[in-house]
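Novice: One file is attached below, work.cif, containing mmCIF, C-alpha atoms.
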data_input
#
loop_
_atom_site.label_atom_id
_atom_site.label_comp_id
_atom_site.auth_asym_id
_atom_site.auth_seq_id
_atom_site.Cartn_x
_atom_site.Cartn_y
_atom_site.Cartn_z
CA MET A 55 -5.69 2.08 -22.15
CA LEU A 56 -5.28 3.99 -18.90
CA THR A 57 -3.57 6.80 -20.77
CA PHE A 58 -6.47 6.91 -23.23
CA PHE A 59 -9.01 7.25 -20.40
CA ARG A 60 -6.87 9.94 -18.80
CA LEU A 61 -6.90 11.86 -22.07
CA LEU A 62 -10.68 11.53 -22.28
CA LEU A 63 -11.03 12.76 -18.69
CA ILE A 64 -8.79 15.77 -19.33
CA LEU A 65 -10.71 16.59 -22.51
CA PHE A 66 -14.04 16.32 -20.66
CA LEU A 67 -12.88 18.59 -17.85
CA SER A 68 -11.53 21.12 -20.35
CA VAL A 69 -14.88 21.27 -22.14
CA LEU A 70 -16.68 21.58 -18.80
CA VAL A 71 -14.47 24.46 -17.64
CA LEU A 72 -14.74 26.17 -21.02
CA GLY A 73 -18.51 25.79 -20.89
CA CYS A 74 -18.58 27.36 -17.44
CA HIS A 75 -16.57 30.34 -18.65
CA GLU A 76 -18.84 30.76 -21.65
CA SER A 77 -21.88 30.54 -19.39
CA GLU A 78 -20.48 33.17 -17.04
CA GLU A 79 -19.59 35.42 -19.97
CA THR A 80 -23.05 35.00 -21.45
CA GLN A 81 -24.64 35.76 -18.08
CA THR A 82 -22.49 38.86 -17.66
CA GLN A 83 -23.38 40.04 -21.14
CA THR A 84 -27.07 39.47 -20.47
CA GLU A 85 -26.92 41.42 -17.21
CA SER A 86 -25.07 44.19 -19.04
CA ASP A 87 -27.75 44.31 -21.72
CA ILE A 88 -30.49 44.51 -19.10
CA HIS A 89 -28.60 47.22 -17.26
CA ILE A 90 -28.35 49.33 -20.40
CA LYS A 91 -32.01 48.93 -21.25
CA ILE A 92 -33.27 50.14 -17.86
CA PRO A 93 -34.16 53.84 -18.24
CA PHE A 94 -32.52 55.92 -15.55
CA PRO A 95 -34.65 58.70 -14.08
CA LYS A 96 -33.40 62.14 -15.00
CA VAL A 97 -31.80 63.84 -12.02
CA HIS A 98 -33.38 67.26 -11.50
CA ILE A 99 -32.08 68.37 -8.13
CA HIS A 100 -28.51 68.81 -6.93
CA PHE A 101 -27.52 69.96 -3.45
CA ASP A 102 -24.18 71.23 -2.21
CA TYR A 103 -22.54 73.54 0.30
CA ASP A 104 -20.65 76.74 -0.19
CA GLU A 105 -17.40 76.77 1.76
CA SER A 106 -18.74 79.66 3.84
CA ILE A 107 -21.47 77.53 5.43
CA THR A 108 -19.33 74.62 6.58
CA SER A 109 -18.47 76.36 9.85
CA HIS A 110 -22.16 76.57 10.82
CA GLU A 111 -22.68 74.78 14.13
CA ALA A 112 -25.19 72.37 12.58
CA LEU A 113 -22.96 71.58 9.60
CA ASP A 114 -19.37 71.66 10.81
CA THR A 115 -18.67 67.95 10.37
CA GLU A 116 -18.81 65.79 7.25
CA ALA A 117 -21.30 63.46 8.92
CA GLU A 118 -23.64 66.34 9.76
CA ARG A 119 -23.44 67.67 6.22
CA ALA A 120 -24.10 64.25 4.72
CA ASP A 121 -27.14 63.69 6.95
CA TYR A 122 -28.50 67.16 6.29
CA LYS A 123 -28.03 66.79 2.53
CA ALA A 124 -30.03 63.54 2.51
CA LYS A 125 -32.80 65.17 4.56
CA ALA A 126 -32.79 68.30 2.41
CA LEU A 127 -33.03 66.40 -0.87
CA SER A 128 -35.89 64.31 0.47
CA GLU A 129 -37.83 67.42 1.51
CA VAL A 130 -37.19 69.26 -1.75
CA GLU A 131 -38.15 66.24 -3.85
CA LYS A 132 -41.42 65.98 -1.90
CA LEU A 133 -42.10 69.66 -2.49
CA PHE A 134 -41.14 69.26 -6.15
CA ASP A 135 -43.79 66.55 -6.54
CA GLU A 136 -46.40 68.74 -4.85
CA LEU A 137 -45.67 71.67 -7.15
CA ARG A 138 -45.73 69.40 -10.17
CA GLU A 139 -49.24 68.40 -9.09
CA ARG A 140 -50.27 72.04 -8.67
CA PHE A 141 -48.79 73.33 -11.92
CA GLY A 142 -49.57 70.29 -14.04
CA PHE A 143 -46.02 70.14 -15.38
CA ALA A 144 -42.44 69.88 -14.19
CA PRO A 145 -39.30 71.62 -15.42
CA ASP A 146 -36.82 69.49 -17.33
CA HIS A 147 -33.78 71.61 -16.47
CA GLN A 148 -31.41 70.83 -13.64
CA ILE A 149 -32.01 72.58 -10.31
CA HIS A 150 -28.96 73.38 -8.21
CA ILE A 151 -29.40 74.18 -4.52
CA GLN A 152 -26.52 75.69 -2.61
CA LEU A 153 -26.49 76.34 1.11
CA VAL A 154 -24.57 79.54 1.80
CA ASP A 155 -23.69 81.65 4.81
CA SER A 156 -25.55 84.66 3.41
CA VAL A 157 -26.94 86.20 0.21
CA SER A 158 -25.47 89.64 -0.50
CA GLY A 159 -24.44 89.77 3.15
CA LEU A 160 -27.95 88.96 4.42
CA LYS A 161 -28.97 85.82 6.27
CA ASN A 162 -32.71 86.44 5.90
CA VAL A 163 -32.76 86.38 2.09
CA ALA A 164 -32.74 83.53 -0.43
CA ASN A 165 -32.53 83.94 -4.18
CA THR A 166 -32.65 82.09 -7.47
CA VAL A 167 -30.16 82.94 -10.20
CA VAL A 168 -31.03 81.88 -13.74
CA MET A 169 -28.54 81.86 -16.60
CA TYR A 170 -30.17 81.61 -20.02
CA ASN A 171 -28.61 80.27 -23.18
CA PRO A 172 -28.39 83.33 -25.48
CA MET A 173 -28.78 81.16 -28.57
CA THR A 174 -31.82 79.11 -27.59
CA GLY A 175 -33.40 81.07 -24.75
CA GLY A 176 -33.37 77.88 -22.70
CA ILE A 177 -31.98 77.61 -19.21
CA ALA A 178 -28.24 77.01 -19.08
CA ARG A 179 -28.08 76.87 -15.28
CA LEU A 180 -30.44 77.60 -12.40
CA THR A 181 -29.09 77.91 -8.87
CA MET A 182 -31.00 78.59 -5.67
CA HIS A 183 -28.99 80.07 -2.79
CA PHE A 184 -30.22 79.58 0.77
CA PRO A 185 -28.72 80.60 4.09
CA TYR A 186 -29.31 77.76 6.55
CA GLU A 187 -32.08 79.56 8.44
CA MET A 188 -33.95 80.31 5.21
CA PHE A 189 -33.74 76.77 3.87
CA GLU A 190 -35.29 75.55 7.11
CA GLN A 191 -38.51 77.39 6.17
CA VAL A 192 -40.68 75.34 3.81
CA SER A 193 -42.44 78.50 2.59
CA VAL A 194 -39.11 79.93 1.41
CA ARG A 195 -38.23 76.68 -0.33
CA ALA A 196 -41.64 76.77 -2.02
CA HIS A 197 -41.06 80.35 -3.18
CA GLU A 198 -37.69 79.63 -4.76
CA LEU A 199 -38.79 76.31 -6.23
CA THR A 200 -41.71 78.09 -7.90
CA HIS A 201 -39.16 80.30 -9.65
CA ALA A 202 -37.43 77.12 -10.83
CA PHE A 203 -40.70 75.80 -12.25
CA ILE A 204 -41.73 78.91 -14.17
CA ALA A 205 -38.30 80.26 -15.17
CA PRO A 206 -38.58 78.85 -18.73
CA PHE A 207 -41.58 81.12 -19.40
CA HIS A 208 -39.69 84.43 -19.00
CA LEU A 209 -42.56 86.20 -17.21
CA PRO A 210 -42.53 89.88 -16.22
CA THR A 211 -41.00 90.36 -12.76
CA TRP A 212 -44.33 91.19 -11.12
CA ALA A 213 -45.97 88.02 -12.48
CA ASP A 214 -42.95 85.85 -11.67
CA GLU A 215 -42.78 87.09 -8.08
CA GLY A 216 -46.56 87.13 -7.77
CA PHE A 217 -46.70 83.41 -8.54
CA ALA A 218 -43.80 82.69 -6.17
CA VAL A 219 -45.47 84.51 -3.26
CA TYR A 220 -48.83 82.94 -4.15
CA ILE A 221 -47.31 79.46 -3.71
CA GLU A 222 -45.14 80.55 -0.76
CA ASN A 223 -48.19 81.62 1.23
CA MET A 224 -49.77 78.19 0.81
CA TYR A 225 -46.95 76.87 3.00
CA ALA A 226 -46.53 79.81 5.38
CA GLU A 227 -48.01 79.72 8.88
CA THR A 228 -47.90 83.52 8.90
CA PRO A 229 -47.65 84.98 5.37
CA GLN A 230 -44.78 87.41 4.96
CA HIS A 231 -46.58 89.11 2.06
CA PRO A 232 -50.34 88.91 2.75
CA ILE A 233 -52.76 90.03 0.06
CA PHE A 234 -54.25 93.51 0.13
CA GLU A 235 -57.99 93.78 0.71
CA THR A 236 -58.47 95.61 -2.59
CA LEU A 237 -56.30 96.23 -5.63
CA GLN A 238 -57.63 99.70 -6.46
CA THR A 239 -56.99 101.39 -3.11
CA GLU A 240 -53.41 100.11 -2.72
CA ILE A 241 -51.98 101.34 -6.03
CA ARG A 242 -48.60 103.06 -5.96
CA ARG A 243 -47.35 104.88 -9.02
CA ASP A 244 -43.93 105.59 -10.43
CA GLY A 245 -42.72 108.98 -11.63
CA ALA A 246 -44.64 108.57 -14.90
CA GLY A 247 -47.90 107.86 -13.09
CA VAL A 248 -47.89 104.15 -14.00
CA ASN A 249 -48.57 101.42 -11.46
CA ALA A 250 -45.10 100.94 -9.99
CA VAL A 251 -45.33 97.17 -10.16
CA GLN A 252 -45.59 97.11 -13.97
CA HIS A 253 -41.94 98.02 -14.50
CA TRP A 254 -40.61 96.38 -11.36
CA THR A 255 -36.90 95.68 -11.64
CA GLU A 256 -35.58 94.51 -8.31
CA GLY A 257 -32.84 96.47 -6.63
CA SER A 258 -32.43 99.33 -9.10
CA GLY A 259 -33.73 102.88 -9.35
CA ILE A 260 -36.80 103.53 -7.22
CA TYR A 261 -36.97 99.79 -6.54
CA SER A 262 -33.90 99.96 -4.32
CA ASP A 263 -36.34 101.31 -1.74
CA VAL A 264 -37.12 98.44 0.65
CA ASP A 265 -40.64 99.61 1.45
CA LEU A 266 -41.57 99.86 -2.23
CA THR A 267 -40.07 96.44 -2.92
CA LEU A 268 -42.14 94.86 -0.15
CA TRP A 269 -45.21 96.57 -1.59
CA CYS A 270 -44.36 95.12 -5.02
CA TYR A 271 -44.28 91.60 -3.57
CA ARG A 272 -47.65 92.10 -1.87
CA TYR A 273 -49.32 93.81 -4.80
CA SER A 274 -48.07 91.26 -7.34
CA HIS A 275 -49.32 88.46 -5.14
CA THR A 276 -52.68 90.20 -4.73
CA VAL A 277 -53.09 90.50 -8.52
CA ILE A 278 -52.35 86.80 -9.06
CA ASP A 279 -54.58 85.79 -6.16
CA ALA A 280 -57.49 87.96 -7.35
CA ILE A 281 -57.39 86.56 -10.89
CA GLU A 282 -57.16 82.95 -9.74
CA LYS A 283 -60.05 83.43 -7.29
CA GLN A 284 -62.32 85.10 -9.84
CA TRP A 285 -61.35 82.81 -12.73
CA PRO A 286 -60.13 79.52 -11.21
CA GLY A 287 -57.70 77.53 -13.31
CA THR A 288 -56.57 80.54 -15.34
CA PHE A 289 -52.89 80.12 -14.68
CA ALA A 290 -52.86 76.41 -15.42
CA LYS A 291 -54.15 77.44 -18.85
CA VAL A 292 -51.49 80.15 -19.09
CA PHE A 293 -48.72 77.59 -18.78
CA GLU A 294 -50.47 75.32 -21.26
CA THR A 295 -50.76 78.21 -23.73
CA VAL A 296 -47.40 79.92 -23.45
CA HIS A 297 -44.45 78.26 -25.12
CA PRO A 298 -41.38 78.03 -22.88
CA GLN A 299 -38.47 80.25 -23.92
CA THR A 300 -40.89 82.94 -25.09
CA THR A 301 -40.15 86.22 -23.33
CA LEU A 302 -43.38 87.82 -22.15
CA SER A 303 -43.61 91.55 -21.56
CA THR A 304 -46.51 92.78 -19.46
CA PRO A 305 -48.62 93.59 -22.58
CA ALA A 306 -47.93 90.11 -23.98
CA PHE A 307 -48.79 88.46 -20.66
CA VAL A 308 -52.04 90.43 -20.40
CA ALA A 309 -52.87 89.44 -23.98
CA VAL A 310 -52.50 85.77 -23.01
CA LEU A 311 -54.86 86.31 -20.07
CA ASP A 312 -57.29 88.14 -22.35
CA GLY A 313 -57.37 85.14 -24.67
CA ILE A 314 -58.11 82.76 -21.79
CA ILE A 315 -60.62 84.86 -19.84
CA THR A 316 -63.30 85.53 -22.43
CA ASP A 317 -65.99 87.12 -20.26
CA THR A 318 -63.88 90.13 -19.21
CA ASP A 319 -61.69 92.63 -21.03
CA MET A 320 -58.41 91.92 -19.24
CA VAL A 321 -56.70 94.90 -20.83
CA GLY A 322 -59.35 97.09 -19.23
CA PHE A 323 -58.95 95.16 -15.96
CA PHE A 324 -55.26 96.07 -15.78
CA GLN A 325 -55.77 99.61 -17.03
CA LYS A 326 -58.04 100.24 -14.05
CA LEU A 327 -55.09 99.22 -11.87
CA GLY A 328 -52.85 101.84 -13.46
CA PHE A 329 -51.09 99.63 -16.02
CA GLU A 330 -50.42 101.40 -19.32
CA ASN A 331 -49.44 100.72 -22.95
CA LEU A 332 -51.07 97.30 -22.96
CA ARG A 333 -52.40 97.25 -26.53
#
Translate this file's structure into structure tokens.

Specialist:
Amino acid sequence: MLTFFRLLLILFLSVLVLGCHESEETQTQTESDIHIKIPFPKVHIHFDYDESITSHEALDTEAERADYKAKALSEVEKLFDELRERFGFAPDHQIHIQLVDSVSGLKNVANTVVMYNPMTGGIARLTMHFPYEMFEQVSVRAHELTHAFIAPFHLPTWADEGFAVYIENMYAETPQHPIFETLQTEIRRDGAGVNAVQHWTEGSGIYSDVDLTLWCYRYSHTVIDAIEKQWPGTFAKVFETVHPQTTLSTPAFVAVLDGIITDTDMVGFFQKLGFENLR
């Protein structure tokens, strides 16, 4: 009889232990299911250091670099949200930020390099390079992040940089590229007599001239600023109208503006500024 009760007890304990294992397995499976169903936010922004910057006095230890990276990402994400509010959209491509010692040997320059997919026209990779001193300036971060926002639209250089400076100056205590008082009196022309900003290609030909390049930044910004002041909300409509991955020449960009601004002939507006071959 005692043996019988012992057998019953062993059987009971076995069932109890088995039940516990099944319960734990079921719980684990349930947690796994929940984990899979939670949508993870898409990561837009990545931050890293080029080897050349790790000797900087503010970044020469792993702890300093880790702290600075956390601070930098927080600041860029805040700025990202602000620009999303301004533009009414956000890019869905990844944004890579790299802190470097210099850009083309210069510590007072930041840049954004965009690699496009030749098959789709979409962005394969976008990297912003900042020397430490440039990243510390919120206006410079705003300028480069604007490029990241509008890169999918393939705008002419003058429009792309005009937007970037337009946003940059919203964050600058002292604008580096202030607007001109008038567009007509500040025109500079290339060898063909065309407004030099229309065919602006940075760093080549006549545009290797520093003074002319600085003028291009100011003039482009002044054009964007003048249009947005006279016809508020125009550029929000531009980005609603233009399909990303569509390359816009200056004539195509002006045509988009002409379709949005119905009370003014925008082709004539730009022709008065020395732009040509717009129709």

Novice: Measuring between only C-alpha atoms, which one of A:Thr304, A:Phe189, A:Asn249, A:Asp279 shows the shortest distance to A:Leu127?

Specialist: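 Result for the nearest residue to A:Leu127: A:Phe189.
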
Novice: Take atom CA of A:Val277 and atom CA of A:Lys291 and report the distance between them in Å, one decimal.

Specialist: 16.7 Å

Novice: Quote the spacing between atom CA of A:Thr236 and atom CA of A:Asn223 in Å to one decimal place.

Specialist: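 So the two atoms, atom CA of A:Thr236 and atom CA of A:Asn223, lie 17.8 Å apart.
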
Novice: For the structure shown, which residues end up in the PyMOL selection byres ((chain A and resi 196) around 12)? Put them as a ChimeraX atom specification, please?

Specialist: /A:129-138,140,164-166,182,188-195,197-203,217-226

Novice: Can you work out which one of A:Val310, A:Trp212, A:Val157, A:Phe101 has the shortest atom-to-atom distance to A:Lys125, counting only C-alpha atoms?

Specialist: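 Under the stated criterion, the closest residue is A:Phe101.
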
Novice: Care to translate the PyMOL selection byres ((chain A and resi 152) around 9) into actual residues of this file, as an MDAnalysis selection string?

Specialist: chainID A and resid 100:104 150:151 153:154 181:185

Novice: Nearest residue to A:Arg243 out of A:Ala120, A:Leu327, A:Ile149, A:Val163, using all atoms listed in the file?

Specialist: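 Nearest candidate to A:Arg243 out of A:Ala120, A:Leu327, A:Ile149, A:Val163: A:Leu327.
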